[in-house]
Amino acid sequence: MKRTPLPLTVLEPFADHHNEDPGFVVGLVHPYLVEAWQKNRLKYRESLALGYLAGALDKHGYTTTSINAELLSIGPEEVAERLLADPRIRLIGISAKSQRTYRAARQIAGLVKAARRDVHITLGGVFPSAADGQILADCADIDSIVRGEGEYAIVELAARIQQGLPLREMRGLSLRVDGEFVRTPDRPRIRDLDSLAFPARHDLREMLAQNARGSNSAYLVASRGCYASCTFCSIHQIYGDHNVVRRSPESIADEMQAVKDRYGVSRFSFVDDLFIMPSPNGIRWVHDFCDLLTERKLEVNFYAEMRADTIEKSLVRRLMDVGMHRLFIGAESGVDSVLLRWDKGTTVEDNDRALRELREVGMAPHQINFGYIMFDPEMTFAELKEQYRWIRDSGYAKVQHLQNKMNIYWGTPQYRRMIEQGRVDDSALGDRWIYTFDDPRVNSFEPAFRRFHRRYEADPRAMAVLAAREAFMERVLEDRTRTPMARWLFECLGQAMRRVDQADRDAYFYLFERLFGFLEDGETLPEGAEERIWQELEPLLDALAADAVLLKALADSVLRITEEQDADAARPGTAWHAGDGETDRTVTVWLAEHAEGVDGLRVGLGFRGDDRYDHSCEVVTFPADGDREGIVTRRTPRAQEILAGVSAAPVTAGGGAA
C-alpha cells in the first residue's frame with residue numbers, strides 16, 4: 001500500500017531523508033519489569049511501541065535491533081550485553097511505558113555507557129515525557145528525552161546524530177547543552193495516523209518461532225488519545241491535549257489483512273484508550289469499520305476497550321457480528337462519590353446499565369473484563385465497603401479487581417491534588433508514590449489485605465491456580481492448533497474455569513468480610529486476626545488447588561477427548577451426556593490416563609440459577625477417589641505427585657458448586 005511521506009512541517013529538513021549508511025544502527029529496547037512476572041505469564045507481550053518506532057526507521061532506511069526484554073524475560077545486564085555486541089549501534093531508544101520501568105532503563109543506560117560513551121541514549125514514553133527534567137538530572141547516562149509521540153522524532157534524532165547536526169534545533173526533545181537542561185518546543189501531534197508505517201512485527205515473529213503465548217494474537221491501534229479527564233490517568237502527558245485522532249477503517253483493515261497474510265494471525269487486540277467515541281462521528285466510524293470488515297470478508301476476532309457510557313446494545317451487536325469476542329470496560333468504581341472524586345464522568349448506573357446490556361446481547365462472563373480501583377488514598381471505610389459490594393455482586397469480579405490500589409503517577413491531576421493537600425512524595429524517581437490512607441480503618445484494612453495477597457501469591461496452591469488459568473487460556477482463548485472444538489467441550493472448559501475462578505475469589509471475599517467485621521468496632525485489627533483468617537481459609541485453599549489440577553488436566557487433554565452416546569461405552573478419553581435436553585444436561589468427562597494422571601469430572605450444562613454471581617451453568621463436580629455414577633476413578637503415581645501437599649477432598653465450598 002502506498003504511504004504518504006512524513007509531513008515537512010514535522011520532519012523538515014528530514015522528510016525525504018533516507019539512510020544510506022549500513023554502519024549506523026539504531027537499538028530499540030522495551031525493558032522487563034521483574035515485579036510483574038506473574039502478570040506477564042497471563043498476557044500477550046508484543047510491544048507496539050517498538051514496532052512503530054522500528055517501522056518508521058525501516059521506512060527511512062535504518063537498520064534496527066529491537067530487544068523486547070519483557071517478551072524475552074531478560075534483565076538489564078543481558079539487554080546491555082546484546083546492545084554492546086553490535087558495534088554499529090550509535091543510537092539507543094528505550095521505551096519506558098510505565099513509571100517503574102525507569103529503574104530498568106536507568107540500569108541499561110549505565111551498563112551501556114560504561115563500555116561505550118559514544119552511543120546516544122534517549123528515553124521515550126509517558127513517564128519520560130512528564131518527568132524529563134527530573135530524569136536528566138537523575139541519570140547522566142541518559143542523553144535525551146523524546147517527549148510525545150516518537151515515530152517522526154526517532155527518525156529525525158537518528159538523522160541529526162548521523163549527520164552531526166545540532167540536537168537543540170529538534171522539536172519535542174529534552175537534553176543537556178553545555179551542562180544545562182534544555183527543553184525544545186513541543187512537536188505537533190501526529191494528526192494523520194494513516195501516514196505512519198505499519199508497525200514492524202519483530203515480536204510477533206519471535207513469538208511464533210517460540211510458539212509462545214499470544215502468538216495467535218496481534219496488537220492494533222485504531223486511535224490515539226482520550227477526551228476524558230480521569231484524575232488518575234497519565235495518557236494526556238504524552239499527547240498534550242484531550243483530542244482523539246483516528247485511523248481510517250481502510251488503514252486498519254489493510255493492516256489486519258497484512259498480518260493475516262504474513263503471519264497467519266487473525267486475532268487482534270485494540271490497545272486504544274477509547275475504541276468508541278460517544279459522538280455522531282464516533283458512532284459513524286464504528287459502523288464504517290464494521291461495514292468494511294463485512295465487505296472485505298475479513299474473518300477476524302478482536303478485543304476492544306470502552307467506557308461504560310459508550311456501551312450500547314445495537315453497537316455492541318454490530319461489533320460482535322464482525323468479530324469482537326472480548327471487551328474491556330473502564331468502570332473503575334461502584335460508588336458515585338468515588339467516581340465524582342476521580343472526575344470519571346460516569347455513574348454507577350452507567351456501569352450497571354453497561355453490564356445489563358452486555359448480558360442481553362449474550363456476552364459470556366469470560367468475554368468481559370473491566371478496570372476497577374479498589375483502594376484510593378481518600379477512600380472512607382463506608383466507601384470501601386460499598387466499593388467491595390458492587391464488584392462482588394456484579395458477577396464479574398476477579399481477584400485483580402479486589403487488589404487494585406490507585407497508582408499515583410507522576411504529574412497526573414491526582415498527583416497534583418495530593419501535593420496541594422500537603423502530602424509529600426518521598427518515593428524514588430520512577431517508583432510509585434507509597435501513601436497512607438486518610439481513613440484510619442482503611443489504613444488498617446489495606447496493608448492487612450496486601451499481606452494476605454502476597455502470602456497467597458507465594459503459596460504453591462496459588463501457583464496451581466495460575467497454571468490452570470494458563471492452560472485454559474491456551475485452549476479457549478488462544479487455541480494455536482486451530483483445531484475445532486465441540487461446543488459442549490468448550491462449555492465444559494468454561495464451566496470448569498468458572499468453578500476455579502469462583503473459589504479463588506471466594507477466598508478473597510471471605511477475607512474482605514472478616515476484615516470488615518474486625519474493623520467495625522475499632523480502627524486497628526486485633527492481635528492475631530490475620531493469622532486466624534488464614535487458618536480459616538486453609539480448607540478452601542486446599543480444595544481450590546485440587547480443582548485447579550483437574551482443570552489443567554482437562555484443558556491439556558480436551559482436544560483428545562471423544563464423545564460417546566452413553567456411559568456403557570465409556571472408556572478413558574471419552575465423555576458422554578445425560579439429562580433431559582438443552583436446559584438440563586450433564587457432561588461427564590473421563591480423562592485419558594495421560595492427562596496428568598487425573599481421573600475425571602462432571603459438568604452441568606444449561607442450568608440457570610440465581611446465585612450471587614448471576615452466572616448460568618454453575619454445577620461443576622470434581623470427583624475424588626471412588627466410583628461416581630459411571631466414572632471409574634483412579635490415581636496414577638503422577639497424579640499423586642501433582643496433588644502432593646494439597647487436599648484432594650471433594651469440594652463443597654465455592655459459589656454454586658455441587
# chains A, B, ... in the order shown; residues from 1 in each chain; ligands from 1
>>> select_by_dssp(residues="range 225-373 of chain A", states="strand (DSSP E)", output="PyMOL selection string")
chain A and resi 245-246+267-270+301-306+324-332+368-372
>>> write_last_selection(atoms="N, CA, C and O atoms", output="mmCIF file, in the first residue's frame")
data_model
loop_
_atom_site.group_PDB
_atom_site.id
_atom_site.type_symbol
_atom_site.label_atom_id
_atom_site.label_comp_id
_atom_site.auth_asym_id
_atom_site.auth_seq_id
_atom_site.Cartn_x
_atom_site.Cartn_y
_atom_site.Cartn_z
ATOM 1 N N VAL A 245 -7.497 11.168 17.899
ATOM 2 C CA VAL A 245 -7.147 11.106 16.481
ATOM 3 C C VAL A 245 -7.322 9.665 16.024
ATOM 4 O O VAL A 245 -6.780 8.744 16.641
ATOM 5 N N ARG A 246 -8.090 9.468 14.933
ATOM 6 C CA ARG A 246 -8.423 8.118 14.492
ATOM 7 C C ARG A 246 -7.769 7.777 13.164
ATOM 8 O O ARG A 246 -7.577 8.641 12.307
ATOM 9 N N ARG A 267 -6.449 -12.899 15.068
ATOM 10 C CA ARG A 267 -6.993 -12.395 16.330
ATOM 11 C C ARG A 267 -6.228 -11.124 16.700
ATOM 12 O O ARG A 267 -5.001 -11.103 16.671
ATOM 13 N N PHE A 268 -6.969 -10.076 17.058
ATOM 14 C CA PHE A 268 -6.343 -8.785 17.304
ATOM 15 C C PHE A 268 -6.846 -8.181 18.608
ATOM 16 O O PHE A 268 -7.993 -8.402 19.005
ATOM 17 N N SER A 269 -5.988 -7.409 19.244
ATOM 18 C CA SER A 269 -6.357 -6.668 20.450
ATOM 19 C C SER A 269 -6.098 -5.193 20.207
ATOM 20 O O SER A 269 -4.948 -4.783 20.011
ATOM 21 N N PHE A 270 -7.163 -4.396 20.192
ATOM 22 C CA PHE A 270 -7.004 -2.955 20.057
ATOM 23 C C PHE A 270 -6.574 -2.378 21.410
ATOM 24 O O PHE A 270 -7.206 -2.653 22.434
ATOM 25 N N ASN A 301 -11.115 -12.007 14.758
ATOM 26 C CA ASN A 301 -11.629 -11.792 16.106
ATOM 27 C C ASN A 301 -10.846 -10.635 16.702
ATOM 28 O O ASN A 301 -9.655 -10.482 16.416
ATOM 29 N N PHE A 302 -11.505 -9.838 17.536
ATOM 30 C CA PHE A 302 -10.762 -8.742 18.137
ATOM 31 C C PHE A 302 -11.334 -8.358 19.497
ATOM 32 O O PHE A 302 -12.474 -8.671 19.843
ATOM 33 N N TYR A 303 -10.492 -7.675 20.243
ATOM 34 C CA TYR A 303 -10.782 -7.190 21.592
ATOM 35 C C TYR A 303 -10.684 -5.672 21.567
ATOM 36 O O TYR A 303 -9.841 -5.113 20.858
ATOM 37 N N ALA A 304 -11.545 -4.976 22.335
ATOM 38 C CA ALA A 304 -11.515 -3.517 22.357
ATOM 39 C C ALA A 304 -11.864 -3.013 23.750
ATOM 40 O O ALA A 304 -12.508 -3.711 24.541
ATOM 41 N N GLU A 305 -11.433 -1.782 24.042
ATOM 42 C CA GLU A 305 -11.655 -1.167 25.346
ATOM 43 C C GLU A 305 -12.596 0.024 25.206
ATOM 44 O O GLU A 305 -12.463 0.814 24.274
ATOM 45 N N MET A 306 -13.542 0.138 26.163
ATOM 46 C CA MET A 306 -14.597 1.145 26.057
ATOM 47 C C MET A 306 -14.926 1.726 27.427
ATOM 48 O O MET A 306 -14.642 1.111 28.458
ATOM 49 N N MET A 324 -15.860 -9.072 17.219
ATOM 50 C CA MET A 324 -15.452 -8.704 18.574
ATOM 51 C C MET A 324 -15.817 -9.834 19.535
ATOM 52 O O MET A 324 -16.993 -10.141 19.716
ATOM 53 N N HIS A 325 -14.815 -10.443 20.158
ATOM 54 C CA HIS A 325 -15.068 -11.591 21.022
ATOM 55 C C HIS A 325 -14.830 -11.283 22.493
ATOM 56 O O HIS A 325 -15.200 -12.064 23.366
ATOM 57 N N ARG A 326 -14.199 -10.160 22.801
ATOM 58 C CA ARG A 326 -13.983 -9.744 24.184
ATOM 59 C C ARG A 326 -13.972 -8.225 24.225
ATOM 60 O O ARG A 326 -13.657 -7.562 23.249
ATOM 61 N N LEU A 327 -14.284 -7.678 25.419
ATOM 62 C CA LEU A 327 -14.164 -6.234 25.586
ATOM 63 C C LEU A 327 -13.804 -5.901 27.021
ATOM 64 O O LEU A 327 -13.959 -6.710 27.932
ATOM 65 N N PHE A 328 -13.326 -4.689 27.179
ATOM 66 C CA PHE A 328 -12.905 -4.157 28.474
ATOM 67 C C PHE A 328 -13.700 -2.881 28.717
ATOM 68 O O PHE A 328 -13.846 -2.051 27.823
ATOM 69 N N ILE A 329 -14.208 -2.732 29.948
ATOM 70 C CA ILE A 329 -14.949 -1.533 30.324
ATOM 71 C C ILE A 329 -14.164 -0.802 31.414
ATOM 72 O O ILE A 329 -13.779 -1.404 32.424
ATOM 73 N N GLY A 330 -13.964 0.481 31.243
ATOM 74 C CA GLY A 330 -13.311 1.275 32.283
ATOM 75 C C GLY A 330 -14.316 1.679 33.347
ATOM 76 O O GLY A 330 -14.676 2.856 33.459
ATOM 77 N N ALA A 331 -14.771 0.730 34.148
ATOM 78 C CA ALA A 331 -15.788 1.007 35.173
ATOM 79 C C ALA A 331 -15.174 1.761 36.351
ATOM 80 O O ALA A 331 -15.712 2.759 36.830
ATOM 81 N N GLU A 332 -14.094 1.241 36.895
ATOM 82 C CA GLU A 332 -13.253 1.839 37.932
ATOM 83 C C GLU A 332 -13.863 1.846 39.324
ATOM 84 O O GLU A 332 -13.161 1.628 40.297
ATOM 85 N N ILE A 368 -15.843 -10.561 29.224
ATOM 86 C CA ILE A 368 -15.970 -9.202 29.751
ATOM 87 C C ILE A 368 -14.964 -8.989 30.875
ATOM 88 O O ILE A 368 -14.879 -9.776 31.812
ATOM 89 N N ASN A 369 -14.200 -7.929 30.760
ATOM 90 C CA ASN A 369 -13.301 -7.519 31.837
ATOM 91 C C ASN A 369 -13.453 -6.019 32.013
ATOM 92 O O ASN A 369 -13.966 -5.333 31.132
ATOM 93 N N PHE A 370 -13.046 -5.517 33.165
ATOM 94 C CA PHE A 370 -13.094 -4.073 33.315
ATOM 95 C C PHE A 370 -12.078 -3.597 34.329
ATOM 96 O O PHE A 370 -11.570 -4.361 35.152
ATOM 97 N N GLY A 371 -11.745 -2.305 34.200
ATOM 98 C CA GLY A 371 -10.852 -1.689 35.167
ATOM 99 C C GLY A 371 -11.612 -1.389 36.455
ATOM 100 O O GLY A 371 -12.772 -0.970 36.420
ATOM 101 N N TYR A 372 -10.956 -1.612 37.575
ATOM 102 C CA TYR A 372 -11.587 -1.366 38.862
ATOM 103 C C TYR A 372 -10.498 -1.042 39.872
ATOM 104 O O TYR A 372 -9.515 -1.770 39.994
#
>>> closest_residue(among="A:Glu312, A:Asp343, A:Glu151, A:Asp143", to="Leu167 in chain A", atoms="only C-alpha atoms")
A:Asp143
>>> residues_around(residues="Ser144 in chain A", least_positions_apart="5", cutoff="9 Å", atoms="only C-alpha atoms", output="list in words")
His120, Ile121, Thr122, Leu123, Gly124, Asp132, Leu136, Leu173, Ser174, Leu175 and Arg176 of chain A
>>> residues_around(residues="range 247-262 of chain A", least_positions_apart="2", cutoff="6 Å", atoms="only C-alpha atoms", output="list in words")
Leu193, Asp194, Ala222, Ser223, Gly264, Val265, Ser266 and Phe289 of chain A
>>> residues_around(residues="Ala159 in chain A", least_positions_apart="2", cutoff="8 Å", atoms="only C-alpha atoms", output="PyMOL selection string")
chain A and resi 14+17+19+155-157+161-163
>>> write_last_selection(atoms="all heavy atoms", output="short mmCIF file (atom, residue, chain, number, x, y, z; two decimals), in the first residue's frame")
data_model
loop_
_atom_site.label_atom_id
_atom_site.label_comp_id
_atom_site.auth_asym_id
_atom_site.auth_seq_id
_atom_site.Cartn_x
_atom_site.Cartn_y
_atom_site.Cartn_z
N PHE A 14 14.11 16.65 7.12
CA PHE A 14 14.36 15.22 7.04
C PHE A 14 13.22 14.43 6.42
O PHE A 14 13.20 13.20 6.48
CB PHE A 14 14.64 14.68 8.46
CG PHE A 14 15.74 15.42 9.15
CD1 PHE A 14 15.46 16.36 10.12
CD2 PHE A 14 17.05 15.20 8.79
CE1 PHE A 14 16.47 17.05 10.75
CE2 PHE A 14 18.08 15.90 9.42
CZ PHE A 14 17.78 16.83 10.40
N HIS A 17 14.58 12.25 3.94
CA HIS A 17 15.85 11.63 4.33
C HIS A 17 15.77 10.10 4.21
O HIS A 17 14.78 9.48 4.59
CB HIS A 17 16.18 12.00 5.78
CG HIS A 17 17.33 11.24 6.35
ND1 HIS A 17 18.63 11.50 6.00
CD2 HIS A 17 17.37 10.20 7.22
CE1 HIS A 17 19.43 10.67 6.65
NE2 HIS A 17 18.68 9.87 7.40
N ASN A 19 18.46 6.86 4.99
CA ASN A 19 19.79 6.46 5.46
C ASN A 19 20.47 5.54 4.45
O ASN A 19 19.89 4.56 4.00
CB ASN A 19 19.66 5.73 6.81
CG ASN A 19 20.99 5.23 7.32
OD1 ASN A 19 21.95 5.98 7.37
ND2 ASN A 19 21.03 3.96 7.70
N VAL A 155 13.25 9.21 13.88
CA VAL A 155 13.91 9.33 12.58
C VAL A 155 14.74 10.61 12.53
O VAL A 155 15.90 10.61 12.10
CB VAL A 155 12.87 9.31 11.44
CG1 VAL A 155 13.54 9.60 10.09
CG2 VAL A 155 12.16 7.96 11.39
N GLU A 156 14.15 11.72 12.99
CA GLU A 156 14.90 12.98 12.97
C GLU A 156 16.09 12.92 13.90
O GLU A 156 17.19 13.41 13.57
CB GLU A 156 13.99 14.14 13.36
CG GLU A 156 14.72 15.47 13.32
CD GLU A 156 13.81 16.67 13.52
OE1 GLU A 156 12.58 16.50 13.51
OE2 GLU A 156 14.36 17.78 13.68
N LEU A 157 15.94 12.32 15.07
CA LEU A 157 17.06 12.21 16.01
C LEU A 157 18.19 11.39 15.40
O LEU A 157 19.36 11.76 15.50
CB LEU A 157 16.57 11.59 17.32
CG LEU A 157 17.61 11.44 18.44
CD1 LEU A 157 18.20 12.80 18.82
CD2 LEU A 157 16.98 10.77 19.66
N ILE A 161 21.94 12.89 14.59
CA ILE A 161 23.14 12.28 15.18
C ILE A 161 24.07 11.80 14.07
O ILE A 161 25.29 12.01 14.11
CB ILE A 161 22.74 11.12 16.12
CG1 ILE A 161 22.05 11.67 17.37
CG2 ILE A 161 23.96 10.29 16.51
CD1 ILE A 161 21.43 10.62 18.25
N GLN A 162 23.51 11.16 13.07
CA GLN A 162 24.31 10.64 11.97
C GLN A 162 25.03 11.76 11.22
O GLN A 162 26.19 11.63 10.83
CB GLN A 162 23.41 9.85 11.02
CG GLN A 162 24.14 9.19 9.85
CD GLN A 162 23.16 8.52 8.91
OE1 GLN A 162 21.99 8.91 8.84
NE2 GLN A 162 23.62 7.52 8.19
N GLN A 163 24.36 12.88 11.02
CA GLN A 163 24.92 13.98 10.24
C GLN A 163 25.63 15.03 11.09
O GLN A 163 26.17 16.01 10.56
CB GLN A 163 23.80 14.65 9.43
CG GLN A 163 23.13 13.72 8.43
CD GLN A 163 21.92 14.35 7.76
OE1 GLN A 163 21.83 15.57 7.66
NE2 GLN A 163 21.00 13.52 7.29
#
>>> residues_around(residues="range 418-434 of chain A", least_positions_apart="2", cutoff="6 Å", atoms="only C-alpha atoms", output="number ranges by chain")
A: 99-100, 102, 408, 415-416
>>> closest_atom_pairs(of="range 288-354 of chain A", to="range 231-242 of chain A", cutoff="10 Å", atoms="only C-alpha atoms", output="Markdown table")
| residue | atom | partner | partner_atom | distance |
| --- | --- | --- | --- | --- |
| A:Arg341 | CA | A:Thr231 | CA | 8.2 |
| A:Trp342 | CA | A:Thr231 | CA | 5.2 |
| A:Asp343 | CA | A:Thr231 | CA | 6.1 |
| A:Lys344 | CA | A:Thr231 | CA | 7.6 |
>>> write_last_selection(atoms="N, CA, C and O atoms", output="mmCIF file, in the first residue's frame")
data_model
loop_
_atom_site.group_PDB
_atom_site.id
_atom_site.type_symbol
_atom_site.label_atom_id
_atom_site.label_comp_id
_atom_site.auth_asym_id
_atom_site.auth_seq_id
_atom_site.Cartn_x
_atom_site.Cartn_y
_atom_site.Cartn_z
ATOM 1 N N ARG A 341 -15.204 12.024 42.610
ATOM 2 C CA ARG A 341 -13.891 12.489 43.086
ATOM 3 C C ARG A 341 -12.808 12.267 42.032
ATOM 4 O O ARG A 341 -11.863 13.032 41.928
ATOM 5 N N TRP A 342 -12.952 11.219 41.247
ATOM 6 C CA TRP A 342 -11.951 10.908 40.221
ATOM 7 C C TRP A 342 -12.243 11.582 38.881
ATOM 8 O O TRP A 342 -11.530 11.330 37.911
ATOM 9 N N ASP A 343 -13.271 12.420 38.816
ATOM 10 C CA ASP A 343 -13.653 13.086 37.561
ATOM 11 C C ASP A 343 -13.848 12.078 36.435
ATOM 12 O O ASP A 343 -13.500 12.332 35.273
ATOM 13 N N LYS A 344 -14.447 10.950 36.766
ATOM 14 C CA LYS A 344 -14.623 9.888 35.779
ATOM 15 C C LYS A 344 -15.646 10.255 34.713
ATOM 16 O O LYS A 344 -15.562 9.806 33.562
#
>>> residues_around(residues="Thr524 in chain A", least_positions_apart="4", cutoff="10 Å", atoms="only C-alpha atoms", output="list in words")
Pro440, Arg441, Val442, Asn443, Ser444, Phe445, Phe518, Leu519 and Glu520 of chain A
>>> atom_distance(atom1="CA of Tyr52 in chain A", atom2="CA of Ala200 in chain A")
6.4 Å
>>> decode(residues="range 348-369 of chain A", atoms="N, CA, C and O atoms", output="short mmCIF file (atom, residue, chain, number, x, y, z; two decimals), in the first residue's frame")
data_model
loop_
_atom_site.label_atom_id
_atom_site.label_comp_id
_atom_site.auth_asym_id
_atom_site.auth_seq_id
_atom_site.Cartn_x
_atom_site.Cartn_y
_atom_site.Cartn_z
N VAL A 348 -22.57 5.08 38.69
CA VAL A 348 -22.77 3.66 38.95
C VAL A 348 -23.87 3.11 38.05
O VAL A 348 -23.78 1.98 37.56
N GLU A 349 -24.89 3.90 37.79
CA GLU A 349 -25.96 3.46 36.90
C GLU A 349 -25.41 3.20 35.50
O GLU A 349 -25.85 2.26 34.82
N ASP A 350 -24.45 4.01 35.04
CA ASP A 350 -23.81 3.74 33.74
C ASP A 350 -23.15 2.37 33.74
O ASP A 350 -23.26 1.61 32.78
N ASN A 351 -22.46 2.06 34.83
CA ASN A 351 -21.79 0.76 34.92
C ASN A 351 -22.80 -0.38 34.95
O ASN A 351 -22.63 -1.40 34.28
N ASP A 352 -23.86 -0.20 35.77
CA ASP A 352 -24.89 -1.24 35.86
C ASP A 352 -25.57 -1.45 34.51
O ASP A 352 -25.82 -2.59 34.08
N ARG A 353 -25.89 -0.35 33.85
CA ARG A 353 -26.57 -0.46 32.55
C ARG A 353 -25.68 -1.15 31.53
O ARG A 353 -26.15 -1.98 30.74
N ALA A 354 -24.39 -0.83 31.53
CA ALA A 354 -23.47 -1.46 30.58
C ALA A 354 -23.45 -2.96 30.77
O ALA A 354 -23.51 -3.73 29.80
N LEU A 355 -23.39 -3.42 32.03
CA LEU A 355 -23.37 -4.87 32.28
C LEU A 355 -24.70 -5.51 31.89
O LEU A 355 -24.72 -6.62 31.34
N ARG A 356 -25.82 -4.83 32.16
CA ARG A 356 -27.11 -5.38 31.75
C ARG A 356 -27.16 -5.55 30.24
O ARG A 356 -27.62 -6.59 29.73
N GLU A 357 -26.73 -4.55 29.51
CA GLU A 357 -26.81 -4.61 28.05
C GLU A 357 -25.88 -5.69 27.49
O GLU A 357 -26.23 -6.35 26.50
N LEU A 358 -24.73 -5.88 28.11
CA LEU A 358 -23.82 -6.92 27.63
C LEU A 358 -24.40 -8.31 27.90
O LEU A 358 -24.24 -9.22 27.09
N ARG A 359 -25.09 -8.47 29.02
CA ARG A 359 -25.76 -9.75 29.28
C ARG A 359 -26.84 -9.98 28.22
O ARG A 359 -27.01 -11.09 27.72
N GLU A 360 -27.57 -8.94 27.90
CA GLU A 360 -28.69 -9.08 26.97
C GLU A 360 -28.23 -9.41 25.55
O GLU A 360 -28.97 -10.05 24.79
N VAL A 361 -27.02 -9.00 25.18
CA VAL A 361 -26.52 -9.35 23.85
C VAL A 361 -25.79 -10.69 23.86
O VAL A 361 -25.31 -11.14 22.82
N GLY A 362 -25.72 -11.32 25.03
CA GLY A 362 -25.19 -12.68 25.09
C GLY A 362 -23.71 -12.80 25.31
O GLY A 362 -23.12 -13.86 25.04
N MET A 363 -23.05 -11.76 25.81
CA MET A 363 -21.63 -11.86 26.10
C MET A 363 -21.42 -12.70 27.35
O MET A 363 -22.00 -12.45 28.41
N ALA A 364 -20.55 -13.71 27.24
CA ALA A 364 -20.27 -14.61 28.36
C ALA A 364 -19.36 -13.91 29.37
O ALA A 364 -18.64 -12.97 29.03
N PRO A 365 -19.38 -14.37 30.62
CA PRO A 365 -18.55 -13.72 31.65
C PRO A 365 -17.07 -13.64 31.30
O PRO A 365 -16.43 -12.63 31.58
N HIS A 366 -16.53 -14.69 30.67
CA HIS A 366 -15.10 -14.64 30.38
C HIS A 366 -14.77 -13.69 29.24
O HIS A 366 -13.60 -13.40 28.99
N GLN A 367 -15.79 -13.17 28.56
CA GLN A 367 -15.57 -12.22 27.47
C GLN A 367 -15.54 -10.77 27.95
O GLN A 367 -15.27 -9.88 27.16
N ILE A 368 -15.84 -10.56 29.22
CA ILE A 368 -15.97 -9.20 29.75
C ILE A 368 -14.96 -8.99 30.88
O ILE A 368 -14.88 -9.78 31.81
N ASN A 369 -14.20 -7.93 30.76
CA ASN A 369 -13.30 -7.52 31.84
C ASN A 369 -13.45 -6.02 32.01
O ASN A 369 -13.97 -5.33 31.13
#
